[in-house]
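Read the structure below first, then the notes.
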Amino acid sequence: MPILFRWMIRLTGGLVLLVLAVVLGGYYLASRSLPEYDRLTEVEGLGGAVEIVRDNANVPHIEAGLDEDVYFGLGYVHAQDRLWQMTMLRRTAQGKLSEIFGPRTARIDELIRRFDLYGNAQRSVPAQDARTLAALEAYARGVNARIKQVNDEALGRGAPEFFIFSPEIAFWQPADSIAIGKLMALQMSGHISNEVLRARASLALTDARLNDLMPVAPGTGVAELPRYSALFPAAPTQLASAPAPRDPLSPLPPRGLGGASNAWAASSVRSAAGGTLLANDPHLGLTAPAIWYLAGLKLTTGAVIGGTIPGAPIVLVGRSEHLAWGLTTTYADDQDVLIEKLNPDNPEEYLTPEGYKPFETRRTILNIKGSAPQTITLRWTENGPVLPGSHYDLATITPPGHVASVAWTNLWENDTTATAAMRLMQAQSVDEALQAVELWRAPVQTLTLIDADHIAMQVVGALPSRSALHQTQGRIPAPGWLSENRWAGALPYADNPRFTDPEGGILGNTNNKIIDRAFPRHLTFDWGDSQRIQRWRNLMQNREVHTRESFIEAQLDTVSFTARALLPLIARDLWYTGEAAPRGTTEHRRQQALEMLANWNGEMNEHMPEPLIYAAWLRHLQDRLIRDDLGPLADEFTHVEPLFIERVYRDINGAATWCDIHQSTAKETCAEIARIALDEALLWINETYGGNLESLRWGDAHQARHDHPVLGDVPILRWFVNIRQSTSGGDFTLMRGVSAGTGSQPFANVHGAGYRGVYDFADPDSSVFVISTGQSGHPLSRHYDDLGELWRRGEYIPMSLDPQLARAANVGITTLVPKLDD
């Protein structure tokens, strides 16, 4: 026994030492890729010296004698801090994820190959002007210089993730930067999903009820459209589908989680300090690290600073010495699904207005780690690429003998968006900027601009030219063989809405309806917001003049106009009714919840219980209203539609009929459905968070999930790479944090302002900005999440172009010099 005991001690000690050695070895290898910011480095491809000063927040300020060398420096710092992220963005755009992740991403790659994003990017490179092409090439040289340095000096393969997955990193090319822009356009698109869902819902609902559930933004109504079943009598009638679980690496946004954003500007007459003001916070999916990277560039046209996307040499949102600009998603309808009729005698042909024509076809090979390569036949029609029914639930609406194709402006040849963005970044005034963005193609965005004297808002990007005779106006899939359903190029740039120097001195956009033009010159029927704009209007009008602080206050506002508008409707027959109920009963909990909501001001504060009660109630209420009509299709409506709830409880055009459960013999009232839904919500809260309503915290349910797309689900590692934060706000507040809508944590904050910036031209160097995580993509770096806590608390860091301020308390100064010939 003593011998056995001694051997058990030895074995246990040996295992402990082995584990310790593995941990220390892993830490050593991972730490090798931590960038050294304070050094002098010789690199190839430079025309002169580059100085990179990293301020206290690790924001690089890059200066050189030539603009090309500044872009070289930006490529170098992007690769220092975000090489893995850049590699993943490029692989996603190329459709090559499966080469390192195996079969799990084969479906993603297949769809990206069908869109041919990367091929389109390659063909767009020659379309750029000479200055943009030089910037793209210099940026690529900077990225490649860092990759070469990693290889030559054995710097931990450049990022810890490369020890787990393939360490092969191809050198950067100009097309890679353009492809990432096209990938971002895909991440901000949602019209395909909306068209398919509207078609599916139309098979189960009358026109009036469909307009209740998927309403057009308030304003002039839409002429009645043909029913989908009338266009395609043989369309499937199966409402349910079994979609594959969404992979974190998928660039396709779930419905309701496409791009969004806020931006507002004030002229000097509405500014307390006499200078123009601009606030902008683009909304995208939250990840670790954030998609944004802060940087300052000193160019010959003037210094610029703001948010960049690792992989491209452009300050996409930010300011220069003379101009500030912000972007919001317009929700313009730049995608159409077309149903193509196959030739019954030859399925390799499809019907066009001129008769049957052969598909344009090409084969591509998917190399899949751990599996045999797959050969995929890609097909295109004159309208666009053909997508199989397994994507976007197209199989549920595609009749036999037909296929679906997609028309999308992001797939047009000779895309000059990169040139437009480069010219915007170097513009010296609002007028110059408005001319520069004429070359912007995709995605369609609303650009807000200020200079010292003017403010403006301009829709940028190509808007498709549709026929006034279009059968569905682009709202549901249409027959692709009819000429009236096909696009005729793009509308002229002059048709894009523009607003300059308004009399009231204030411009703003929260993805709301900005213009009411009749089809086909409309922008879209599906606007991204009808609620936040109401709160924004109140905040802007309640002050005669504004300051940087008032713009920050609006950017961080967490009061829900939706809650204030809907609660009096759905609870009007429940508040202060009934007799007192004993503690512990359903009636008592309902009365307690109603009393709390009656005294609540609609503030979605992370420390308060009322936001959780309210959000759970509306979620269960909408499901109660639609479940009996839609059955399994109700699962597709993962987020509350406030206009639908309002229509029902105001009984607009008989919408109160949704309250009656048609499958029951009794006739239910809206008050009864509201009461039942509240009881269900309180039961769910009790099972999930406990029974004490007063101790609930909205922030516990509304945690911001900045998850690492690759390592976020890996046991143990996920505790190091994921960033979780209790947050305020909600789906319809100005400080927008859109909930997941599904799963065991339906109110988790998964989509929000990854970047916030406020620019004040009364004192430009008092401008501020912040991102939602940190500058570094390395989990061992202190800059991996250091800005995230500031972001959570609603704080910012200085956004100054003063090089001396950047040097103060800097974390390192890197000097790049041309490598001399041996």
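A note on labels: chains of the structure tokens are A, B, ... as shown, every chain counts residues from 1, and ligands are counted from 1 in their shown order.
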Could you list, with a cut-off of 10 Å and counting only C-alpha atoms, the residues of segment 697-745 of chain A near segment 527-540 of chain A, each shown with its nearest atom pair and the distance in Å rounded to one decimal, rows sorted by chain and ascending number, as JSON lines?
{"residue": "A:Asp731", "atom": "CA", "partner": "A:Arg532", "partner_atom": "CA", "distance": 9.1}
{"residue": "A:Phe732", "atom": "CA", "partner": "A:Arg532", "partner_atom": "CA", "distance": 5.6}
{"residue": "A:Thr733", "atom": "CA", "partner": "A:Arg532", "partner_atom": "CA", "distance": 5.6}
{"residue": "A:Leu734", "atom": "CA", "partner": "A:Arg532", "partner_atom": "CA", "distance": 5.7}
{"residue": "A:Met735", "atom": "CA", "partner": "A:Arg532", "partner_atom": "CA", "distance": 9.2}
{"residue": "A:Arg736", "atom": "CA", "partner": "A:Arg532", "partner_atom": "CA", "distance": 8.7}
- Message: For segment 274-286 of chain A, find every residue with an atom within 6 Å (counting only C-alpha atoms), except residues of its own chain fewer than 2 positions away, and show them as a list in words.
- Response: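 So the residues in contact are Gly259, Ala260, Ser261, Asn262, Ala263, Trp264, Ala265, Ala266, Ser267, Ser268, Ser271, Ala272, Gly326, His706, Val750, His751, Gly752, Ala753, Tyr755, Arg756, Gly757, Val758, Tyr759, Asp760, Phe761 and Ala762 of chain A.
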- Item | Among the residues A:Leu117, A:Leu342, A:Ala565, A:Ile506, the one that comes closest to Thr409 of chain A [using only C-alpha atoms] | A:Leu117
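Taking atom CA of Ala704 of chain A and atom CA of Glu603 of chain A as the two end points, the separation is 17.6 Å.
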- Task: Using backbone DSSP assignments, extract all helix (DSSP H, G or I) residues from segment 195-353 of chain A; output them as an MDAnalysis selection string.
- Result: chainID A and resid 195:202 207:213 228:231 268:270
- Query: So what do you get for atom CA of Gly474 of chain A versus atom CA of Leu439 of chain A, distance-wise?
  - Reply: 24.4 Å
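Counting only C-alpha atoms, Asp628 of chain A has the following residues at most 7 Å away, ignoring those fewer than 3 positions along the same chain: A:Gly631, A:Ile661, A:His662, A:Gln663.
Our summary of the geometry notes that atom CA of Thr558 of chain A is positioned 23.5 Å from atom CA of Gly774 of chain A.
Minimum atom-to-atom distance to Thr87 of chain A, evaluated using only C-alpha atoms, belongs to A:Phe171 out of A:Tyr796, A:Tyr350, A:Phe72, A:Phe171.
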- Pick out the residues sitting within 7 Å of Pro818 of chain A, and hand them over as a PyMOL selection string; count only C-alpha atoms, and ignore anything fewer than 4 positions along from it in its own chain. chain A and resi 42-49
Got time to write the residues from that selection, all heavy atoms, as a tab-separated table (two decimals), in the first residue's frame?
chain	number	residue	atom	x	y	z
A	42	GLU	N	13.47	47.60	-40.41
A	42	GLU	CA	13.72	47.75	-41.83
A	42	GLU	C	12.75	46.85	-42.61
A	42	GLU	O	12.61	45.67	-42.29
A	42	GLU	CB	15.16	47.36	-42.16
A	42	GLU	CG	16.21	48.32	-41.64
A	42	GLU	CD	17.60	47.97	-42.12
A	42	GLU	OE1	17.76	46.87	-42.72
A	42	GLU	OE2	18.53	48.76	-41.93
A	43	VAL	N	12.08	47.42	-43.58
A	43	VAL	CA	11.12	46.66	-44.37
A	43	VAL	C	11.29	47.00	-45.85
A	43	VAL	O	11.77	48.08	-46.20
A	43	VAL	CB	9.67	46.95	-43.93
A	43	VAL	CG1	9.39	46.40	-42.54
A	43	VAL	CG2	9.38	48.44	-43.99
A	44	GLU	N	10.85	46.08	-46.68
A	44	GLU	CA	10.90	46.30	-48.12
A	44	GLU	C	9.61	46.96	-48.59
A	44	GLU	O	8.56	46.78	-48.00
A	44	GLU	CB	11.09	44.96	-48.84
A	44	GLU	CG	12.40	44.26	-48.52
A	44	GLU	CD	12.51	42.91	-49.18
A	44	GLU	OE1	11.48	42.43	-49.70
A	44	GLU	OE2	13.60	42.32	-49.17
A	45	GLY	N	9.73	47.73	-49.68
A	45	GLY	CA	8.55	48.31	-50.31
A	45	GLY	C	8.22	49.72	-49.89
A	45	GLY	O	7.17	50.24	-50.26
A	46	LEU	N	9.09	50.36	-49.11
A	46	LEU	CA	8.86	51.73	-48.66
A	46	LEU	C	9.61	52.73	-49.53
A	46	LEU	O	10.70	52.45	-50.02
A	46	LEU	CB	9.32	51.90	-47.21
A	46	LEU	CG	8.33	51.60	-46.09
A	46	LEU	CD1	8.99	51.82	-44.73
A	46	LEU	CD2	7.09	52.44	-46.21
A	47	GLY	N	9.02	53.93	-49.66
A	47	GLY	CA	9.72	55.00	-50.35
A	47	GLY	C	10.51	55.87	-49.40
A	47	GLY	O	11.44	56.55	-49.79
A	48	GLY	N	10.12	55.88	-48.12
A	48	GLY	CA	10.79	56.68	-47.10
A	48	GLY	C	10.38	56.19	-45.73
A	48	GLY	O	9.62	55.23	-45.58
A	49	ALA	N	10.83	56.87	-44.69
A	49	ALA	CA	10.57	56.46	-43.33
A	49	ALA	C	9.10	56.70	-42.96
A	49	ALA	O	8.46	57.64	-43.41
A	49	ALA	CB	11.48	57.20	-42.36
- Message: With distances taken over only C-alpha atoms, which residue among A:Ile723, A:Leu805, A:Trp658, A:Gly181 lies nearest Glu789 of chain A?
- Response: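 When distances to Glu789 of chain A are compared using only C-alpha atoms, the smallest one comes from A:Ile723.
The smallest atom-to-atom distance between Asp573 of chain A and any of A:Ser560, A:Asn542, A:Asn383, A:Thr669, using only C-alpha atoms, is found for A:Thr669.
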- Fewer than 4 positions away in the same chain doesn't count, so skip those; otherwise give me all residues within 8 Å of Val640 of chain A, counting only C-alpha atoms, as a list of chain:residue names. A:Leu618, A:Arg619, A:Gln622
- Message: I'd like the contact shell of segment 680-696 of chain A - 12 Å cut-off, only C-alpha atoms, skipping same-chain residues fewer than 4 positions apart - returned as JSON, numbers by chain.
- Response: {"A": [583, 584, 585, 586, 587, 588, 589, 590, 591, 592, 593, 594, 595, 596, 597, 605, 606, 607, 608, 609, 610, 611, 612, 613, 614, 615, 616, 617, 618, 619, 620, 621, 622, 623, 624, 673, 674, 675, 676, 700, 701, 702, 744, 745, 746, 747]}
- Message: When DSSP is applied to the backbone of this structure, which of segment 318-460 of chain A are assigned strand (DSSP E or B)? Write them out as a PyMOL selection string.
- Response: chain A and resi 318-320+324-329+335-343+346-352+355-358+360-366+374-380+385-387+402-408+445-450+455-460
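In terms of minimum interatomic distance to Leu449 of chain A, A:Ser320 ranks closest within A:Asn144, A:Asn346, A:Thr524, A:Ser320, counting only C-alpha atoms.
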